[in-house]
Amino acid sequence: MKKFISFMVIMAAVFNAAVVAQTVRVDTSHVVNIFRPRYALGTTVDRVPSNATDTFFRPDQLQQILSAGWGTVSYRQNTDLFVQAWHWNPKGTWSDPAGKGYFTGDPTPTEMIRHSYGYSLRHRGFTRNGGTEFDGFSRLDDGDLQTYWKSNPYLSHVFTGEEDALHPQWVVIDLGKKQDVNAARIAWADPYAVNYDVQYWVGDGDAMDEPTNGEWKTFSSGTVTNSHGGTVTLKLASSAVETKFVRILMTRSSDTCDTHGSGDRRNCVGYAINEVSVGMEDGNGNFRDLLEHSPDQKQALTYCSSVDPWHDSSDLYVAPDRMESGDQPGLDLFFTSGITRGLPAIVPVAMLYATPEDSAAQMAYLKKRGYPIEYVEMGEEADGQYMQPEDYGTLYLQWATALHRVDPNLKLGGPAFEGVTEDIKAWPNAQGKTSWFGRFLDYLGAHGRMSDFTFMSFEHYPYDGCETPWKNLYQEPNLLSHIMQVWRDDGLPAGIPLLDTETNAHGGEASVDVFGALWLADTFAGFLTAGGQSTHYYHALNYSPPHPACANSWGTYHMFMTDEKYQIRQRTSQFFAARLITQEWVEPNDQEHKLYAASSDLKDAEGHVLVTAYAVERPDRQWSLILINKDYDHPHTVRISFEDGNGSNGFLVGPVTMLTFGKAQYQWHPARRNGYADPDDPPVGLTIQGGKDTAYTLPPASLNVVRGQMER
C-alpha cells in the first residue's frame with residue numbers, strides 16, 4: 001500500500017504543476033565527458049574483520065552486493081594506514097632465516113590465497129596519525145631504552161642515489177600545549193645522526209596539520225655536527241622558548257648497524273633513536289622532562305618522517321572483531337569470487353612500509369595467475385602518514401623500476417590522497433613551495449620519470465564530524481570539482497586521468513539516511529562532469545563499525561545493514577541510489593556514454609542550488625537525466641530543455657520513464673547496530689507522455705531519473 005500511495009503522489013504532482021515549472025537546461029553543444037559505466041562507476045573492497053571474510057564472500061551474499069551494479073573494483077590497501085607490513089601472500093621468505101627482517105611474498109602461485117594480514121612494525125615512531133588511533137604506539141617515548149624508532153632505509157643515499165640531506169628524516173614531539181623549552185635529551189641508537197638540528201615551531205597553527213601556518217626555527221644552540229651518538233642532553237637555548245612542537249631534523253647518518261646486525265645493508269642506514277625527551281634544564285644542570293613516557297596511547301604524541309619496515313613473525317596480531325587488525329581479503333579470493341565481474345581491477349602495492357622486492361613479487365604472482373589489472377596504486381594515503389612529497393617521490397621511482405622489470409606495461413599511479421577538499425600542504429622546501437602534489441610532480445619531472453606516472457588518484461570524504469547537516473548536501477558537487485581543479489593547477493598534465501579510488505559521505509547516520517542516496521548520485525555524476533575517469537563507492541562489503549569519533553553512529557560506508565554474523569538483513573539508501581545510477585541512469589554495459597553539462601535555475605533565498613542535474617546520451621539513443629531535489633520540505637517542478645547554442649531547443653517526447661527515490665520511500669531510524677529503515681521501499685516509477693510543455697515534479701528530498709527520446 002505504501003508503494004501505491006507514493007506512486008499516486010508522484011503521478012498527481014507530475015500532471016498538476018506545469019504552471020510553476022522552472023527549467024533544467026542541457027547544453028548539447030558540448031560533451032563534457034565520455035565514459036563507459038562498467039569502468040567509470042566502480043566500488044571498493046577493503047580490510048574487514050578476520051571472522052567476516054567468509055560470510056562477505058559467500059555466493060548468496062555476493063549476489064546481493066553485485067545487484068547494486070557497480071563495475072570495476074578498487075582494492076584498498078589498509079595496512080599502510082596502520083603502519084604495518086602487508087603479507088599479501090602468507091607464504092614467503094624472510095631476509096633473516098630466523099623468521100624476521102624484511103619479508104618477500106612467494107611470487108609462485110600454489111594454493112589459493114584466501115586471507116592476508118598486516119604485521120606491526122617494531123621500530124614505529126608514530127603515536128598516532130591518519131590511521132593509527134586504535135593500535136600501537138611510538139617507540140620514541142615508550143619508556144623503554146631497549147626499543148627504538150628507525151627511519152625507512154629506502155630513504156637513505158644507498159637506495160635513493162642522492163645525498164641524505166635531500167631527504168632529511170625527522171621526528172616531531174607534540175607537547176600538547178605551548179610550554180617553556182630549553183633542553184632536549186636524545187638517546188641515540190644505531191645508526192645515529194651525525195648532523196642534525198633541534199627546532200621549535202613558531203605560530204598558532206598545528207605543525208602537522210597546518211604546516212603553512214607557522215615555521216620551524218632552530219634553537220640558538222640546536223645545530224649539532226659531527227655527533228658521535230650515545231645519550232646526549234642538549235642545552236638548546238640560554239633562555240626558555242615557548243612552543244608546542246619540537247622537531248629533530250636529521251641530515252647525515254653514521255651508517256652504523258642497528259641491533260639486527262651487519263648482514264643486511266638496510267640495517268645500517270638511516271637513523272634510529274631509543275628514547276627522546278624535551279623539557280627544561282635549570283642552572284645546576286637538572287633536566288625536567290615534559291613528556292609522558294608510556295608503552296601505549298597515553299604517551300606524549302610523537303610523529304616521524306618514516307618507519308623501517310623491519311618486523312618479526314611474532315608481530316602478527318589478528319583480532320576477529322576489529323577491522324584495523326583484521327583481514328585484507330586474499331588476492332586469489334578477490335579475483336575468483338566474482339566480485340570483480342571479471343573486469344580489470346585497481347590493485348595496490350604497500351609502498352610506504354614495504355620493500356620493492358615484495359611488491360614486485362606481488363605483481364609477478366598476479367601476472368602468473370593471469371588476473372586482469374587495470375592500474376597499480378602506489379601506497380595508501382601518504383599525506384595521512386605525514387610523508388614528505390620528495391620522500392614519496394623517491395620511493396615511487398624505486399618501486400616503479402622494480403615493478404616495470406616484472407611488466408613494463410603496468411600502469412602506475414597514486415598517491416591515493418586522503419579525502420581532502422583543498423590543496424595538501426607541506427612544510428616549505430628551499431624554494432618556499434608548499435604544494436605537496438606540485439612538489440611530487442616536480443620530483444618526477446626533475447628525474448625524467450613522468451612517464452612512470454599514468455594516473456592520479458585521491459579519495460573523497462567531504463564531511464567531518466558526527467553530524468552531517470542537510471545543508472552540507474548543497475556543497476556537492478562543487479567540493480569535488482574544486483579539488484580536481486586544484487590537482488590540475490598543481491601541474492597534473494592534461495593527459496593523465498583522475499581517479500577517485502575511494503569515496504563516501506563519511507557522515508555518520510546521514511550516509512544511511514536518504515541524504516546518503518542523494519549525495520551518492522550527486523558526487524558520482526559530479527565527478528564525471530568534472531572530467532574524472534572513474535570513481536569508486538566505499539565499500540562493497542557489508543562492514544561498518546561505529547564511526548570512530550561518533551559513539552552513537554553505525555551509519556557509515558555501506559549499502560546494507562548486517563546482523564551479528566555479518567549477514568545482510570536490510571538494504572540502505574545507498575543501495576537504492578546505486579541501482580538508479582548503474583541500472584537506470586546509464587545502460588549497464590561497456591559502451592560509451594556521452595555526458596553533457598546540465599543546470600537548473602532553482603535556488604533558495606540563500607542562493608543554494610536546489611536541483612542539480614546530470615544528462616547522458618546513452619548508446620540506445622535515449623537521453624537520461626539524474627535530477628536531485630535537495631529541498632527537504634518542498635517539491636519542485638521542472639521542464640527540461642535541450643539547448644544547442646544556436647537557438648534550437650529540444651525536449652523529451654513519447655513515453656518518458658521517471659523513477660523516484662526519496663524520503664517518501666525511505667526513512668532511517670538510528671539505533672546503532674540495530675538501526676533500520678522504515679519505510680524501506682525501492683524507487684517508484686511511472687510513464688509520462690513527453691512534450692514541449694511537459695513538466696516533471698520532483699518530490700521533496702528525492703533522487704530522480706528521467707529518461708526518454710529527445711526531439712527538436
# chains A, B, ... in the order shown; residues from 1 in each chain; ligands from 1
$ select_by_dssp --residues "range 24-179 of chain A" --states "strand (DSSP E or B)" --output "number ranges by chain"
A: 24-35, 41-45, 48, 73-75, 84-87, 92-96, 100-105, 117-120, 149-150, 169-179
$ write_last_selection --atoms "N, CA and C atoms" --output "short mmCIF file (atom, residue, chain, number, x, y, z; two decimals), in the first residue's frame"
data_model
loop_
_atom_site.label_atom_id
_atom_site.label_comp_id
_atom_site.auth_asym_id
_atom_site.auth_seq_id
_atom_site.Cartn_x
_atom_site.Cartn_y
_atom_site.Cartn_z
N VAL A 24 15.33 23.05 -16.34
CA VAL A 24 16.62 22.37 -16.35
C VAL A 24 17.13 22.43 -17.78
N ARG A 25 18.33 23.01 -17.95
CA ARG A 25 18.89 23.19 -19.28
C ARG A 25 20.05 22.24 -19.50
N VAL A 26 19.99 21.55 -20.61
CA VAL A 26 21.06 20.64 -21.01
C VAL A 26 21.78 21.26 -22.20
N ASP A 27 23.08 21.49 -22.06
CA ASP A 27 23.89 22.09 -23.12
C ASP A 27 24.37 20.98 -24.05
N THR A 28 23.66 20.78 -25.15
CA THR A 28 24.00 19.71 -26.09
C THR A 28 25.11 20.10 -27.06
N SER A 29 25.64 21.30 -26.91
CA SER A 29 26.70 21.74 -27.83
C SER A 29 28.08 21.27 -27.40
N HIS A 30 28.16 20.73 -26.18
CA HIS A 30 29.49 20.40 -25.66
C HIS A 30 29.43 19.14 -24.81
N VAL A 31 30.18 18.13 -25.22
CA VAL A 31 30.32 16.91 -24.43
C VAL A 31 31.38 17.14 -23.37
N VAL A 32 31.02 16.98 -22.09
CA VAL A 32 31.99 17.21 -21.02
C VAL A 32 32.77 15.95 -20.65
N ASN A 33 32.26 14.79 -21.03
CA ASN A 33 32.98 13.55 -20.74
C ASN A 33 32.36 12.42 -21.56
N ILE A 34 33.18 11.45 -21.88
CA ILE A 34 32.72 10.21 -22.49
C ILE A 34 33.22 9.08 -21.59
N PHE A 35 32.32 8.25 -21.13
CA PHE A 35 32.72 7.22 -20.18
C PHE A 35 31.98 5.91 -20.46
N LEU A 41 32.04 3.70 -13.03
CA LEU A 41 31.21 3.64 -11.83
C LEU A 41 31.57 2.37 -11.06
N GLY A 42 32.57 2.48 -10.19
CA GLY A 42 33.10 1.30 -9.53
C GLY A 42 32.84 1.26 -8.05
N THR A 43 33.44 0.28 -7.41
CA THR A 43 33.31 0.13 -5.97
C THR A 43 34.66 -0.29 -5.40
N THR A 44 34.69 -0.67 -4.13
CA THR A 44 35.94 -0.99 -3.45
C THR A 44 35.77 -2.23 -2.58
N VAL A 45 36.91 -2.86 -2.30
CA VAL A 45 37.00 -3.91 -1.29
C VAL A 45 38.11 -3.51 -0.34
N VAL A 48 38.59 -6.10 6.41
CA VAL A 48 37.38 -6.43 7.15
C VAL A 48 37.77 -7.26 8.38
N VAL A 73 36.47 -2.77 -9.58
CA VAL A 73 36.72 -2.72 -8.15
C VAL A 73 38.12 -2.18 -7.87
N SER A 74 38.20 -1.29 -6.91
CA SER A 74 39.46 -0.77 -6.41
C SER A 74 39.76 -1.45 -5.07
N TYR A 75 40.81 -2.26 -5.05
CA TYR A 75 41.20 -2.96 -3.82
C TYR A 75 41.97 -1.99 -2.95
N GLN A 84 51.80 -0.90 9.19
CA GLN A 84 52.02 -2.33 9.22
C GLN A 84 52.61 -2.80 7.89
N ALA A 85 53.28 -3.93 7.95
CA ALA A 85 53.77 -4.58 6.74
C ALA A 85 52.72 -5.57 6.26
N TRP A 86 52.36 -5.49 5.00
CA TRP A 86 51.31 -6.35 4.44
C TRP A 86 51.93 -7.64 3.91
N HIS A 87 51.51 -8.79 4.46
CA HIS A 87 51.88 -10.08 3.90
C HIS A 87 50.78 -10.48 2.92
N GLY A 92 56.27 -16.97 2.16
CA GLY A 92 57.35 -16.19 1.57
C GLY A 92 58.63 -16.41 2.34
N THR A 93 59.59 -15.54 2.12
CA THR A 93 60.90 -15.67 2.74
C THR A 93 61.25 -14.41 3.51
N TRP A 94 61.97 -14.60 4.62
CA TRP A 94 62.47 -13.50 5.43
C TRP A 94 63.92 -13.24 5.09
N SER A 95 64.33 -11.99 5.21
CA SER A 95 65.74 -11.68 4.99
C SER A 95 66.62 -12.36 6.03
N ASP A 96 66.10 -12.57 7.23
CA ASP A 96 66.78 -13.34 8.26
C ASP A 96 66.04 -14.67 8.37
N LYS A 100 62.45 -13.22 10.67
CA LYS A 100 62.36 -11.80 10.99
C LYS A 100 63.11 -11.02 9.92
N GLY A 101 62.91 -9.70 9.96
CA GLY A 101 63.60 -8.85 8.99
C GLY A 101 62.65 -8.27 7.97
N TYR A 102 62.97 -8.46 6.70
CA TYR A 102 62.18 -7.94 5.59
C TYR A 102 61.59 -9.13 4.84
N PHE A 103 60.26 -9.12 4.72
CA PHE A 103 59.54 -10.27 4.18
C PHE A 103 59.24 -10.06 2.70
N THR A 104 59.41 -11.10 1.90
CA THR A 104 59.04 -11.08 0.48
C THR A 104 58.08 -12.23 0.23
N GLY A 105 56.88 -11.90 -0.20
CA GLY A 105 55.89 -12.93 -0.50
C GLY A 105 56.32 -13.81 -1.66
N TYR A 117 47.26 -10.58 5.97
CA TYR A 117 47.24 -9.80 7.20
C TYR A 117 48.38 -8.80 7.26
N GLY A 118 48.27 -7.88 8.20
CA GLY A 118 49.32 -6.91 8.45
C GLY A 118 50.12 -7.28 9.69
N TYR A 119 51.39 -6.92 9.67
CA TYR A 119 52.28 -7.16 10.80
C TYR A 119 52.73 -5.82 11.36
N SER A 120 52.63 -5.66 12.67
CA SER A 120 53.06 -4.42 13.31
C SER A 120 54.56 -4.23 13.12
N TRP A 149 62.92 3.77 17.53
CA TRP A 149 62.40 4.16 16.22
C TRP A 149 63.54 4.10 15.22
N LYS A 150 63.21 3.69 14.01
CA LYS A 150 64.21 3.72 12.94
C LYS A 150 63.52 4.15 11.64
N GLN A 169 65.32 13.18 7.43
CA GLN A 169 64.34 12.46 8.24
C GLN A 169 64.15 13.23 9.55
N TRP A 170 63.00 13.04 10.17
CA TRP A 170 62.68 13.86 11.33
C TRP A 170 61.76 13.12 12.28
N VAL A 171 61.76 13.58 13.51
CA VAL A 171 60.72 13.22 14.48
C VAL A 171 60.19 14.53 15.06
N VAL A 172 58.91 14.55 15.33
CA VAL A 172 58.25 15.71 15.92
C VAL A 172 57.60 15.28 17.23
N ILE A 173 57.80 16.10 18.26
CA ILE A 173 57.19 15.85 19.56
C ILE A 173 56.12 16.91 19.80
N ASP A 174 54.93 16.46 20.11
CA ASP A 174 53.80 17.35 20.40
C ASP A 174 53.66 17.46 21.92
N LEU A 175 53.88 18.65 22.46
CA LEU A 175 53.83 18.87 23.90
C LEU A 175 52.40 19.05 24.42
N GLY A 176 51.43 19.04 23.53
CA GLY A 176 50.04 19.17 23.95
C GLY A 176 49.56 20.59 24.08
N LYS A 177 50.43 21.47 24.50
CA LYS A 177 50.14 22.90 24.61
C LYS A 177 51.48 23.62 24.60
N LYS A 178 51.44 24.92 24.43
CA LYS A 178 52.68 25.67 24.45
C LYS A 178 53.31 25.61 25.84
N GLN A 179 54.59 25.27 25.87
CA GLN A 179 55.32 25.18 27.13
C GLN A 179 56.73 25.72 26.94
#
$ residues_around --residues "Leu580 in chain A" --least-positions-apart "4" --cutoff "9 Å" --atoms "only C-alpha atoms" --output "JSON, numbers by chain"
{"A": [68, 521, 575, 576, 584, 585, 586, 626, 659, 660, 661, 683, 703, 704, 705]}
$ write_last_selection --atoms "C-alpha atoms" --output "compact mmCIF listing (two decimals), in the first residue's frame"
# COMPACT_ATOMS: atom_id res chain seq x y z
CA ALA A 68 23.91 -2.89 -6.87
CA ALA A 521 24.25 10.39 -7.06
CA PHE A 575 21.92 0.56 -2.33
CA PHE A 576 18.83 2.03 -3.98
CA GLU A 584 18.70 3.25 -14.89
CA TRP A 585 20.63 6.47 -15.50
CA VAL A 586 23.15 4.63 -17.65
CA ILE A 626 19.59 12.49 -12.88
CA LEU A 659 11.87 6.81 -11.39
CA THR A 660 11.94 8.41 -7.94
CA PHE A 661 13.58 7.53 -4.64
CA PRO A 683 12.16 3.61 -6.23
CA LEU A 703 16.72 11.34 -6.39
CA ASN A 704 15.04 11.06 -9.78
CA VAL A 705 15.94 9.54 -13.14
$ closest_residue --among "A:Tyr303, A:Trp70, A:Phe334, A:Phe56" --to "Ser138 in chain A" --atoms "only C-alpha atoms"
A:Tyr303
$ residues_around --residues "range 217-222 of chain A" --least-positions-apart "4" --cutoff "6 Å" --atoms "only C-alpha atoms" --output "list in words"
Asp197, Val198, Gln199, Tyr200, Leu236 and Ala237 of chain A
$ residues_around --residues "Leu410 in chain A" --least-positions-apart "6" --cutoff "9 Å" --atoms "only C-alpha atoms" --output "ChimeraX atom specification"
/A:373-376,403-404
$ write_last_selection --atoms "C-alpha atoms" --output "JSON list (two decimals), in the first residue's frame"
[["chain", "number", "residue", "atom", "x", "y", "z"],
["A", 373, "ILE", "CA", 44.86, -5.46, -13.71],
["A", 374, "GLU", "CA", 43.78, -2.01, -14.84],
["A", 375, "TYR", "CA", 46.03, 0.13, -12.64],
["A", 376, "VAL", "CA", 48.55, -0.27, -9.81],
["A", 403, "LEU", "CA", 57.51, -3.25, -10.97],
["A", 404, "HIS", "CA", 58.36, -2.46, -14.57]]
$ closest_residue --among "A:Ser254, A:Leu473, A:Leu352, A:Glu592" --to "Asn78 in chain A" --atoms "only C-alpha atoms"
A:Leu352
